[in-house]
file input.cif (mmCIF, N, CA and C atoms)
data_coords
loop_
_atom_site.label_atom_id
_atom_site.label_comp_id
_atom_site.auth_asym_id
_atom_site.auth_seq_id
_atom_site.Cartn_x
_atom_site.Cartn_y
_atom_site.Cartn_z
N MET A 3 80.46 -23.87 72.11
CA MET A 3 81.13 -23.07 71.10
C MET A 3 80.09 -22.32 70.29
N LYS A 4 80.30 -21.02 70.09
CA LYS A 4 79.35 -20.21 69.33
C LYS A 4 79.49 -20.49 67.85
N LYS A 5 78.34 -20.42 67.18
CA LYS A 5 78.32 -20.59 65.73
C LYS A 5 78.83 -19.31 65.09
N PHE A 6 79.49 -19.46 63.94
CA PHE A 6 80.05 -18.31 63.23
C PHE A 6 78.95 -17.35 62.78
N ILE A 7 77.94 -17.88 62.12
CA ILE A 7 76.79 -17.07 61.68
C ILE A 7 75.54 -17.77 62.21
N THR A 8 74.80 -17.07 63.03
CA THR A 8 73.57 -17.67 63.56
C THR A 8 72.49 -17.65 62.48
N GLU A 9 71.51 -18.51 62.67
CA GLU A 9 70.38 -18.55 61.74
C GLU A 9 69.66 -17.20 61.73
N ARG A 10 69.45 -16.61 62.89
CA ARG A 10 68.74 -15.32 62.99
C ARG A 10 69.52 -14.24 62.25
N PHE A 11 70.84 -14.20 62.43
CA PHE A 11 71.67 -13.21 61.75
C PHE A 11 71.57 -13.38 60.23
N ALA A 12 71.64 -14.64 59.77
CA ALA A 12 71.55 -14.92 58.33
C ALA A 12 70.18 -14.52 57.78
N LEU A 13 69.13 -14.85 58.52
CA LEU A 13 67.78 -14.47 58.07
C LEU A 13 67.61 -12.96 58.01
N ASN A 14 68.04 -12.27 59.05
CA ASN A 14 67.93 -10.82 59.05
C ASN A 14 68.81 -10.19 57.97
N GLY A 15 69.96 -10.81 57.70
CA GLY A 15 70.81 -10.35 56.61
C GLY A 15 70.14 -10.52 55.26
N LEU A 16 69.54 -11.68 55.04
CA LEU A 16 68.79 -11.91 53.80
C LEU A 16 67.68 -10.89 53.63
N ILE A 17 66.92 -10.69 54.69
CA ILE A 17 65.79 -9.75 54.63
C ILE A 17 66.28 -8.33 54.33
N THR A 18 67.33 -7.92 55.00
CA THR A 18 67.86 -6.57 54.80
C THR A 18 68.40 -6.37 53.38
N ILE A 19 69.26 -7.28 52.95
CA ILE A 19 69.88 -7.13 51.63
C ILE A 19 68.86 -7.25 50.51
N LEU A 20 67.94 -8.20 50.60
CA LEU A 20 66.92 -8.34 49.57
C LEU A 20 66.02 -7.10 49.52
N SER A 21 65.71 -6.53 50.67
CA SER A 21 64.93 -5.28 50.70
C SER A 21 65.70 -4.16 50.03
N LEU A 22 66.99 -4.07 50.30
CA LEU A 22 67.82 -3.05 49.65
C LEU A 22 67.93 -3.28 48.15
N PHE A 23 67.98 -4.54 47.73
CA PHE A 23 67.99 -4.84 46.29
C PHE A 23 66.71 -4.36 45.61
N ILE A 24 65.58 -4.58 46.26
CA ILE A 24 64.30 -4.12 45.70
C ILE A 24 64.33 -2.60 45.56
N LEU A 25 64.79 -1.91 46.60
CA LEU A 25 64.91 -0.46 46.54
C LEU A 25 65.85 -0.04 45.41
N PHE A 26 66.99 -0.71 45.28
CA PHE A 26 67.95 -0.41 44.23
C PHE A 26 67.30 -0.53 42.85
N HIS A 27 66.60 -1.63 42.62
CA HIS A 27 65.97 -1.84 41.31
C HIS A 27 64.87 -0.81 41.05
N LEU A 28 64.16 -0.40 42.09
CA LEU A 28 63.17 0.67 41.93
C LEU A 28 63.85 1.98 41.55
N LEU A 29 65.00 2.25 42.14
CA LEU A 29 65.75 3.46 41.79
C LEU A 29 66.27 3.42 40.36
N VAL A 30 66.60 2.23 39.87
CA VAL A 30 66.99 2.09 38.46
C VAL A 30 65.80 2.42 37.57
N ILE A 31 64.63 1.87 37.90
CA ILE A 31 63.42 2.13 37.11
C ILE A 31 63.10 3.62 37.10
N LEU A 32 63.31 4.29 38.23
CA LEU A 32 63.00 5.72 38.34
C LEU A 32 64.11 6.61 37.78
N ASN A 33 65.14 6.01 37.19
CA ASN A 33 66.28 6.73 36.59
C ASN A 33 67.12 7.49 37.61
N VAL A 34 67.00 7.15 38.88
CA VAL A 34 67.87 7.73 39.89
C VAL A 34 69.26 7.12 39.76
N ILE A 35 69.28 5.83 39.44
CA ILE A 35 70.52 5.09 39.17
C ILE A 35 70.50 4.73 37.69
N PRO A 36 71.58 5.02 36.95
CA PRO A 36 71.59 4.70 35.51
C PRO A 36 71.55 3.19 35.28
N PHE A 37 70.75 2.77 34.28
CA PHE A 37 70.61 1.33 34.06
C PHE A 37 71.85 0.70 33.43
N GLY A 38 72.86 1.49 33.13
CA GLY A 38 74.11 0.94 32.62
C GLY A 38 74.91 0.18 33.67
N VAL A 39 74.54 0.35 34.94
CA VAL A 39 75.28 -0.34 36.01
C VAL A 39 74.70 -1.71 36.34
N VAL A 40 73.59 -2.09 35.70
CA VAL A 40 72.98 -3.40 35.96
C VAL A 40 73.00 -4.24 34.69
N TRP A 41 72.84 -5.54 34.89
CA TRP A 41 72.79 -6.50 33.78
C TRP A 41 74.02 -6.42 32.88
N GLY A 42 75.15 -6.15 33.49
CA GLY A 42 76.41 -6.12 32.75
C GLY A 42 76.48 -4.99 31.75
N GLY A 43 75.60 -4.00 31.89
CA GLY A 43 75.59 -2.87 30.97
C GLY A 43 75.11 -3.24 29.57
N THR A 44 74.38 -4.36 29.46
CA THR A 44 73.99 -4.86 28.13
C THR A 44 72.62 -4.39 27.65
N MET A 45 71.87 -3.71 28.50
CA MET A 45 70.53 -3.29 28.07
C MET A 45 70.64 -2.15 27.07
N LYS A 46 69.81 -2.25 26.04
CA LYS A 46 69.89 -1.31 24.93
C LYS A 46 68.99 -0.10 25.09
N ASP A 47 67.85 -0.25 25.75
CA ASP A 47 66.91 0.87 25.85
C ASP A 47 66.08 0.77 27.13
N ARG A 48 65.30 1.81 27.36
CA ARG A 48 64.47 1.89 28.57
C ARG A 48 63.44 0.77 28.65
N SER A 49 62.86 0.40 27.52
CA SER A 49 61.85 -0.66 27.50
C SER A 49 62.45 -1.99 27.96
N GLN A 50 63.62 -2.31 27.47
CA GLN A 50 64.30 -3.54 27.87
C GLN A 50 64.65 -3.48 29.36
N MET A 51 65.10 -2.31 29.82
CA MET A 51 65.44 -2.13 31.22
C MET A 51 64.21 -2.34 32.10
N LEU A 52 63.07 -1.79 31.71
CA LEU A 52 61.85 -1.95 32.50
C LEU A 52 61.46 -3.42 32.64
N THR A 53 61.58 -4.17 31.55
CA THR A 53 61.26 -5.60 31.60
C THR A 53 62.19 -6.34 32.55
N PHE A 54 63.49 -6.13 32.40
CA PHE A 54 64.46 -6.83 33.23
C PHE A 54 64.33 -6.43 34.70
N GLU A 55 64.17 -5.15 34.95
CA GLU A 55 64.08 -4.68 36.33
C GLU A 55 62.80 -5.15 37.00
N THR A 56 61.70 -5.19 36.26
CA THR A 56 60.44 -5.68 36.81
C THR A 56 60.57 -7.15 37.21
N VAL A 57 61.16 -7.95 36.33
CA VAL A 57 61.37 -9.37 36.65
C VAL A 57 62.28 -9.50 37.87
N SER A 58 63.32 -8.70 37.93
CA SER A 58 64.24 -8.74 39.06
C SER A 58 63.53 -8.39 40.36
N ILE A 59 62.69 -7.37 40.33
CA ILE A 59 61.94 -6.99 41.54
C ILE A 59 61.01 -8.11 41.98
N ILE A 60 60.32 -8.74 41.03
CA ILE A 60 59.41 -9.84 41.36
C ILE A 60 60.18 -10.99 42.01
N ILE A 61 61.33 -11.35 41.43
CA ILE A 61 62.15 -12.44 41.99
C ILE A 61 62.62 -12.08 43.40
N ASN A 62 63.07 -10.84 43.58
CA ASN A 62 63.55 -10.40 44.89
C ASN A 62 62.43 -10.37 45.92
N ILE A 63 61.23 -9.96 45.52
CA ILE A 63 60.09 -9.97 46.45
C ILE A 63 59.77 -11.41 46.86
N PHE A 64 59.82 -12.33 45.90
CA PHE A 64 59.57 -13.74 46.21
C PHE A 64 60.60 -14.26 47.22
N MET A 65 61.88 -13.99 46.96
CA MET A 65 62.93 -14.46 47.87
C MET A 65 62.82 -13.79 49.24
N LEU A 66 62.45 -12.52 49.25
CA LEU A 66 62.23 -11.81 50.51
C LEU A 66 61.09 -12.46 51.30
N ALA A 67 60.03 -12.81 50.61
CA ALA A 67 58.89 -13.47 51.27
C ALA A 67 59.32 -14.80 51.88
N VAL A 68 60.15 -15.55 51.17
CA VAL A 68 60.65 -16.83 51.70
C VAL A 68 61.45 -16.59 52.98
N ALA A 69 62.32 -15.59 52.97
CA ALA A 69 63.12 -15.30 54.16
C ALA A 69 62.24 -14.84 55.32
N VAL A 70 61.24 -14.01 55.02
CA VAL A 70 60.34 -13.52 56.07
C VAL A 70 59.53 -14.68 56.67
N ILE A 71 59.08 -15.59 55.81
CA ILE A 71 58.35 -16.77 56.30
C ILE A 71 59.26 -17.65 57.15
N LYS A 72 60.47 -17.90 56.66
CA LYS A 72 61.42 -18.74 57.40
C LYS A 72 61.75 -18.11 58.76
N ALA A 73 61.83 -16.79 58.79
CA ALA A 73 62.15 -16.10 60.05
C ALA A 73 60.98 -16.11 61.03
N GLY A 74 59.81 -16.49 60.54
CA GLY A 74 58.64 -16.54 61.42
C GLY A 74 57.92 -15.21 61.54
N TYR A 75 58.30 -14.22 60.73
CA TYR A 75 57.65 -12.91 60.76
C TYR A 75 56.31 -12.93 60.05
N LEU A 76 56.10 -13.92 59.20
CA LEU A 76 54.85 -14.08 58.46
C LEU A 76 54.42 -15.54 58.59
N LYS A 77 53.26 -15.75 59.14
CA LYS A 77 52.75 -17.11 59.32
C LYS A 77 51.99 -17.54 58.07
N THR A 78 52.32 -18.73 57.57
CA THR A 78 51.64 -19.29 56.40
C THR A 78 51.46 -20.79 56.62
N SER A 79 50.74 -21.39 55.70
CA SER A 79 50.56 -22.84 55.77
C SER A 79 51.57 -23.57 54.86
N ILE A 80 52.53 -22.82 54.33
CA ILE A 80 53.55 -23.44 53.48
C ILE A 80 54.41 -24.35 54.33
N LYS A 81 54.63 -25.56 53.83
CA LYS A 81 55.41 -26.54 54.58
C LYS A 81 56.88 -26.12 54.66
N GLN A 82 57.48 -26.45 55.78
CA GLN A 82 58.89 -26.11 56.01
C GLN A 82 59.80 -26.72 54.95
N VAL A 83 59.50 -27.92 54.51
CA VAL A 83 60.33 -28.57 53.50
C VAL A 83 60.30 -27.77 52.19
N THR A 84 59.18 -27.16 51.86
CA THR A 84 59.08 -26.33 50.66
C THR A 84 59.97 -25.10 50.79
N ILE A 85 59.94 -24.48 51.95
CA ILE A 85 60.79 -23.31 52.20
C ILE A 85 62.27 -23.69 52.09
N ARG A 86 62.62 -24.85 52.65
CA ARG A 86 64.03 -25.29 52.57
C ARG A 86 64.46 -25.56 51.14
N VAL A 87 63.61 -26.16 50.33
CA VAL A 87 63.94 -26.40 48.92
C VAL A 87 64.16 -25.07 48.21
N ILE A 88 63.28 -24.12 48.47
CA ILE A 88 63.43 -22.81 47.84
C ILE A 88 64.72 -22.13 48.29
N LEU A 89 65.08 -22.30 49.55
CA LEU A 89 66.34 -21.73 50.05
C LEU A 89 67.54 -22.35 49.34
N TRP A 90 67.50 -23.64 49.06
CA TRP A 90 68.58 -24.28 48.31
C TRP A 90 68.63 -23.74 46.88
N ILE A 91 67.48 -23.49 46.30
CA ILE A 91 67.42 -22.90 44.95
C ILE A 91 67.98 -21.47 44.99
N MET A 92 67.63 -20.74 46.05
CA MET A 92 68.18 -19.39 46.21
C MET A 92 69.70 -19.43 46.33
N LEU A 93 70.21 -20.40 47.06
CA LEU A 93 71.66 -20.56 47.18
C LEU A 93 72.29 -20.72 45.80
N ALA A 94 71.73 -21.62 44.99
CA ALA A 94 72.27 -21.84 43.64
C ALA A 94 72.17 -20.55 42.81
N PHE A 95 71.04 -19.87 42.91
CA PHE A 95 70.83 -18.62 42.18
C PHE A 95 71.91 -17.60 42.57
N PHE A 96 72.17 -17.45 43.87
CA PHE A 96 73.16 -16.46 44.31
C PHE A 96 74.58 -16.86 43.93
N VAL A 97 74.88 -18.15 43.95
CA VAL A 97 76.22 -18.60 43.53
C VAL A 97 76.43 -18.28 42.05
N PHE A 98 75.45 -18.61 41.21
CA PHE A 98 75.58 -18.30 39.78
C PHE A 98 75.60 -16.79 39.54
N ASN A 99 74.83 -16.05 40.32
CA ASN A 99 74.83 -14.61 40.19
C ASN A 99 76.19 -14.03 40.57
N THR A 100 76.80 -14.58 41.61
CA THR A 100 78.14 -14.15 42.01
C THR A 100 79.14 -14.39 40.89
N LEU A 101 79.08 -15.58 40.30
CA LEU A 101 79.98 -15.88 39.18
C LEU A 101 79.75 -14.93 38.01
N GLY A 102 78.48 -14.68 37.70
CA GLY A 102 78.15 -13.74 36.62
C GLY A 102 78.68 -12.35 36.91
N ASN A 103 78.55 -11.91 38.15
CA ASN A 103 79.06 -10.58 38.51
C ASN A 103 80.58 -10.52 38.40
N LEU A 104 81.25 -11.60 38.79
CA LEU A 104 82.72 -11.63 38.69
C LEU A 104 83.19 -11.62 37.24
N LEU A 105 82.40 -12.22 36.36
CA LEU A 105 82.76 -12.28 34.94
C LEU A 105 82.26 -11.08 34.14
N SER A 106 81.50 -10.21 34.77
CA SER A 106 80.93 -9.05 34.10
C SER A 106 82.02 -8.08 33.66
N GLY A 107 81.75 -7.41 32.57
CA GLY A 107 82.66 -6.36 32.11
C GLY A 107 82.43 -5.07 32.87
N ASN A 108 81.42 -5.05 33.71
CA ASN A 108 81.05 -3.86 34.47
C ASN A 108 81.76 -3.90 35.83
N GLN A 109 82.63 -2.93 36.07
CA GLN A 109 83.41 -2.90 37.31
C GLN A 109 82.52 -2.76 38.55
N PHE A 110 81.42 -2.01 38.44
CA PHE A 110 80.50 -1.83 39.56
C PHE A 110 79.94 -3.19 40.00
N GLU A 111 79.56 -4.01 39.04
CA GLU A 111 79.04 -5.34 39.38
C GLU A 111 80.11 -6.20 40.03
N LYS A 112 81.33 -6.12 39.53
CA LYS A 112 82.42 -6.91 40.11
C LYS A 112 82.73 -6.49 41.54
N ILE A 113 82.83 -5.20 41.74
CA ILE A 113 83.29 -4.68 43.02
C ILE A 113 82.19 -4.66 44.08
N VAL A 114 80.96 -4.31 43.68
CA VAL A 114 79.87 -4.16 44.65
C VAL A 114 79.00 -5.41 44.73
N PHE A 115 78.49 -5.86 43.58
CA PHE A 115 77.48 -6.92 43.62
C PHE A 115 78.07 -8.31 43.81
N ALA A 116 79.26 -8.57 43.34
CA ALA A 116 79.84 -9.91 43.55
C ALA A 116 79.99 -10.22 45.04
N PRO A 117 80.57 -9.33 45.84
CA PRO A 117 80.65 -9.63 47.28
C PRO A 117 79.28 -9.73 47.95
N VAL A 118 78.34 -8.89 47.54
CA VAL A 118 77.01 -8.92 48.16
C VAL A 118 76.30 -10.24 47.84
N THR A 119 76.36 -10.69 46.59
CA THR A 119 75.70 -11.95 46.25
C THR A 119 76.44 -13.14 46.87
N LEU A 120 77.73 -13.01 47.10
CA LEU A 120 78.45 -14.05 47.83
C LEU A 120 77.95 -14.12 49.27
N ILE A 121 77.75 -12.98 49.90
CA ILE A 121 77.19 -12.95 51.26
C ILE A 121 75.80 -13.56 51.27
N LEU A 122 74.98 -13.24 50.27
CA LEU A 122 73.64 -13.83 50.18
C LEU A 122 73.73 -15.35 50.01
N SER A 123 74.73 -15.82 49.29
CA SER A 123 74.94 -17.27 49.15
C SER A 123 75.23 -17.90 50.50
N ILE A 124 76.09 -17.28 51.26
CA ILE A 124 76.46 -17.80 52.57
C ILE A 124 75.25 -17.79 53.50
N PHE A 125 74.51 -16.70 53.50
CA PHE A 125 73.31 -16.61 54.35
C PHE A 125 72.28 -17.67 53.94
N SER A 126 72.08 -17.84 52.63
CA SER A 126 71.11 -18.84 52.15
C SER A 126 71.53 -20.23 52.57
N LEU A 127 72.80 -20.54 52.46
CA LEU A 127 73.31 -21.84 52.88
C LEU A 127 73.07 -22.04 54.37
N ARG A 128 73.40 -21.03 55.15
CA ARG A 128 73.24 -21.14 56.61
C ARG A 128 71.79 -21.42 56.99
N VAL A 129 70.86 -20.74 56.34
CA VAL A 129 69.45 -20.92 56.67
C VAL A 129 68.92 -22.24 56.10
N ALA A 130 69.39 -22.63 54.93
CA ALA A 130 68.90 -23.86 54.29
C ALA A 130 69.29 -25.11 55.08
N ILE A 131 70.43 -25.08 55.77
CA ILE A 131 70.87 -26.29 56.47
C ILE A 131 70.16 -26.50 57.79
N ILE A 132 69.42 -25.51 58.25
CA ILE A 132 68.65 -25.64 59.49
C ILE A 132 67.41 -26.47 59.19
N LYS A 133 67.22 -27.53 59.92
CA LYS A 133 66.10 -28.44 59.67
C LYS A 133 64.75 -27.78 59.92
N ASN A 134 64.47 -27.39 61.16
CA ASN A 134 63.12 -26.86 61.43
C ASN A 134 63.02 -26.30 62.84
N LYS A 135 63.41 -25.05 63.01
CA LYS A 135 63.20 -24.41 64.30
C LYS A 135 62.20 -23.29 64.16
N THR A 136 62.37 -22.47 63.12
CA THR A 136 61.42 -21.39 62.90
C THR A 136 60.39 -21.89 61.92
N ASN A 137 59.21 -21.29 62.00
CA ASN A 137 58.08 -21.63 61.12
C ASN A 137 57.65 -23.07 61.37
#
call {"tool": "encode", "arguments": {"input": "input.cif", "output": "structure tokens"}}
result
Amino acid sequence: MKKFITERFALNGLITILSLFILFHLLVILNVIPFGVVWGGTMKDRSQMLTFETVSIIINIFMLAVAVIKAGYLKTSIKQVTIRVILWIMLAFFVFNTLGNLLSGNQFEKIVFAPVTLILSIFSLRVAIIKNKTN
């Protein structure tokens, strides 16, 4: 019987979506996308937006690196158990992020980001439950 979501599909999905998130946050910093559509529209000025977006990009790069390592695209000496723990933390992060997006007063976050972070939750769960095949 075929699995619903393969580990490879979930890993590639994580890598793709996290890469797109990094691009999205860069576009917010560059004012291509208005910063009113992120962080529930609560940011007051450009300085606050730069701080939040920079932290978001750093977090997304870290999570992207974890997915790339787990996929075997980047060889490191990081233990597999460490990667799995981080994947479980990512799962929790995405679940809470999904809830935050659903509770946001910003319709864009509810309609666009809630489903995307839910998908990231599912992908993180799928990859986290795999004991040790890649890496």
call {"tool": "resolve_selection", "arguments": {"input": "input.cif", "expression": "the PyMOL selection byres (((chain A and resi 40 and name CA) around 12) and name CA)", "output": "ChimeraX atom specification"}}
result
/A:23,26-27,29-31,35-39,41-46,50-52,54-55,58,102-103,106-112,114-115
call {"tool": "resolve_selection", "arguments": {"input": "input.cif", "expression": "the PyMOL selection byres (((chain A and resi 97 and name CA) around 10) and name CA)", "output": "PyMOL selection string"}}
result
chain A and resi 91-96+98-103+116+119-124
call {"tool": "write_last_selection", "arguments": {"input": "input.cif", "atoms": "N, CA and C atoms", "output": "PDB file, in the frame of the given file"}}
result
ATOM      1  N   ILE A  91      67.480 -23.490  46.300  1.00  0.00           N
ATOM      2  CA  ILE A  91      67.420 -22.900  44.950  1.00  0.00           C
ATOM      3  C   ILE A  91      67.980 -21.470  44.990  1.00  0.00           C
ATOM      4  N   MET A  92      67.630 -20.740  46.050  1.00  0.00           N
ATOM      5  CA  MET A  92      68.180 -19.390  46.210  1.00  0.00           C
ATOM      6  C   MET A  92      69.700 -19.430  46.330  1.00  0.00           C
ATOM      7  N   LEU A  93      70.210 -20.400  47.060  1.00  0.00           N
ATOM      8  CA  LEU A  93      71.660 -20.560  47.180  1.00  0.00           C
ATOM      9  C   LEU A  93      72.290 -20.720  45.800  1.00  0.00           C
ATOM     10  N   ALA A  94      71.730 -21.620  44.990  1.00  0.00           N
ATOM     11  CA  ALA A  94      72.270 -21.840  43.640  1.00  0.00           C
ATOM     12  C   ALA A  94      72.170 -20.550  42.810  1.00  0.00           C
ATOM     13  N   PHE A  95      71.040 -19.870  42.910  1.00  0.00           N
ATOM     14  CA  PHE A  95      70.830 -18.620  42.180  1.00  0.00           C
ATOM     15  C   PHE A  95      71.910 -17.600  42.570  1.00  0.00           C
ATOM     16  N   PHE A  96      72.170 -17.450  43.870  1.00  0.00           N
ATOM     17  CA  PHE A  96      73.160 -16.460  44.310  1.00  0.00           C
ATOM     18  C   PHE A  96      74.580 -16.860  43.930  1.00  0.00           C
ATOM     19  N   PHE A  98      75.450 -18.610  41.210  1.00  0.00           N
ATOM     20  CA  PHE A  98      75.580 -18.300  39.780  1.00  0.00           C
ATOM     21  C   PHE A  98      75.600 -16.790  39.540  1.00  0.00           C
ATOM     22  N   ASN A  99      74.830 -16.050  40.320  1.00  0.00           N
ATOM     23  CA  ASN A  99      74.830 -14.610  40.190  1.00  0.00           C
ATOM     24  C   ASN A  99      76.190 -14.030  40.570  1.00  0.00           C
ATOM     25  N   THR A 100      76.800 -14.580  41.610  1.00  0.00           N
ATOM     26  CA  THR A 100      78.140 -14.150  42.010  1.00  0.00           C
ATOM     27  C   THR A 100      79.140 -14.390  40.890  1.00  0.00           C
ATOM     28  N   LEU A 101      79.080 -15.580  40.300  1.00  0.00           N
ATOM     29  CA  LEU A 101      79.980 -15.880  39.180  1.00  0.00           C
ATOM     30  C   LEU A 101      79.750 -14.930  38.010  1.00  0.00           C
ATOM     31  N   GLY A 102      78.480 -14.680  37.700  1.00  0.00           N
ATOM     32  CA  GLY A 102      78.150 -13.740  36.620  1.00  0.00           C
ATOM     33  C   GLY A 102      78.680 -12.350  36.910  1.00  0.00           C
ATOM     34  N   ASN A 103      78.550 -11.910  38.150  1.00  0.00           N
ATOM     35  CA  ASN A 103      79.060 -10.580  38.510  1.00  0.00           C
ATOM     36  C   ASN A 103      80.580 -10.520  38.400  1.00  0.00           C
ATOM     37  N   ALA A 116      79.260  -8.570  43.340  1.00  0.00           N
ATOM     38  CA  ALA A 116      79.840  -9.910  43.550  1.00  0.00           C
ATOM     39  C   ALA A 116      79.990 -10.220  45.040  1.00  0.00           C
ATOM     40  N   THR A 119      76.360 -10.690  46.590  1.00  0.00           N
ATOM     41  CA  THR A 119      75.700 -11.950  46.250  1.00  0.00           C
ATOM     42  C   THR A 119      76.440 -13.140  46.870  1.00  0.00           C
ATOM     43  N   LEU A 120      77.730 -13.010  47.100  1.00  0.00           N
ATOM     44  CA  LEU A 120      78.450 -14.050  47.830  1.00  0.00           C
ATOM     45  C   LEU A 120      77.950 -14.120  49.270  1.00  0.00           C
ATOM     46  N   ILE A 121      77.750 -12.980  49.900  1.00  0.00           N
ATOM     47  CA  ILE A 121      77.190 -12.950  51.260  1.00  0.00           C
ATOM     48  C   ILE A 121      75.800 -13.560  51.270  1.00  0.00           C
ATOM     49  N   LEU A 122      74.980 -13.240  50.270  1.00  0.00           N
ATOM     50  CA  LEU A 122      73.640 -13.830  50.180  1.00  0.00           C
ATOM     51  C   LEU A 122      73.730 -15.350  50.010  1.00  0.00           C
ATOM     52  N   SER A 123      74.730 -15.820  49.290  1.00  0.00           N
ATOM     53  CA  SER A 123      74.940 -17.270  49.150  1.00  0.00           C
ATOM     54  C   SER A 123      75.230 -17.900  50.500  1.00  0.00           C
ATOM     55  N   ILE A 124      76.090 -17.280  51.260  1.00  0.00           N
ATOM     56  CA  ILE A 124      76.460 -17.800  52.570  1.00  0.00           C
ATOM     57  C   ILE A 124      75.250 -17.790  53.500  1.00  0.00           C
TER      58      ILE A 124
END
call {"tool": "resolve_selection", "arguments": {"input": "input.cif", "expression": "the PyMOL selection byres ((chain A and resi 61-69) around 7)", "output": "MDAnalysis selection string"}}
result
chainID A and resid 13 16:17 20:21 23:24 56:60 70:75 85
call {"tool": "residues_around", "arguments": {"input": "input.cif", "residues": "Gly15 in chain A", "least_positions_apart": "4", "cutoff": "8 Å", "atoms": "only C-alpha atoms", "output": "ChimeraX atom specification"}}
result
/A:11,19,122,125
call {"tool": "atom_distance", "arguments": {"input": "input.cif", "atom1": "atom C of Ile132 in chain A", "atom2": "CA of Arg86 in chain A"}}
result
7.5 Å
call {"tool": "atom_distance", "arguments": {"input": "input.cif", "atom1": "atom C of Asn14 in chain A", "atom2": "atom N of Gln82 in chain A"}}
result
19.9 Å
call {"tool": "select_by_dssp", "arguments": {"input": "input.cif", "residues": "chain A", "states": "alpha helix (DSSP H)", "output": "ChimeraX atom specification"}}
result
/A:9-31,48-73,82-105,109-110,116-130
call {"tool": "atom_distance", "arguments": {"input": "input.cif", "atom1": "CA of Ala12 in chain A", "atom2": "CA of Trp90 in chain A"}}
result
14.0 Å
call {"tool": "closest_residue", "arguments": {"input": "input.cif", "among": "A:Ile80, A:Leu25, A:Leu104, A:Val129", "to": "Thr8 in chain A", "atoms": "only N, CA and C atoms"}}
result
A:Val129
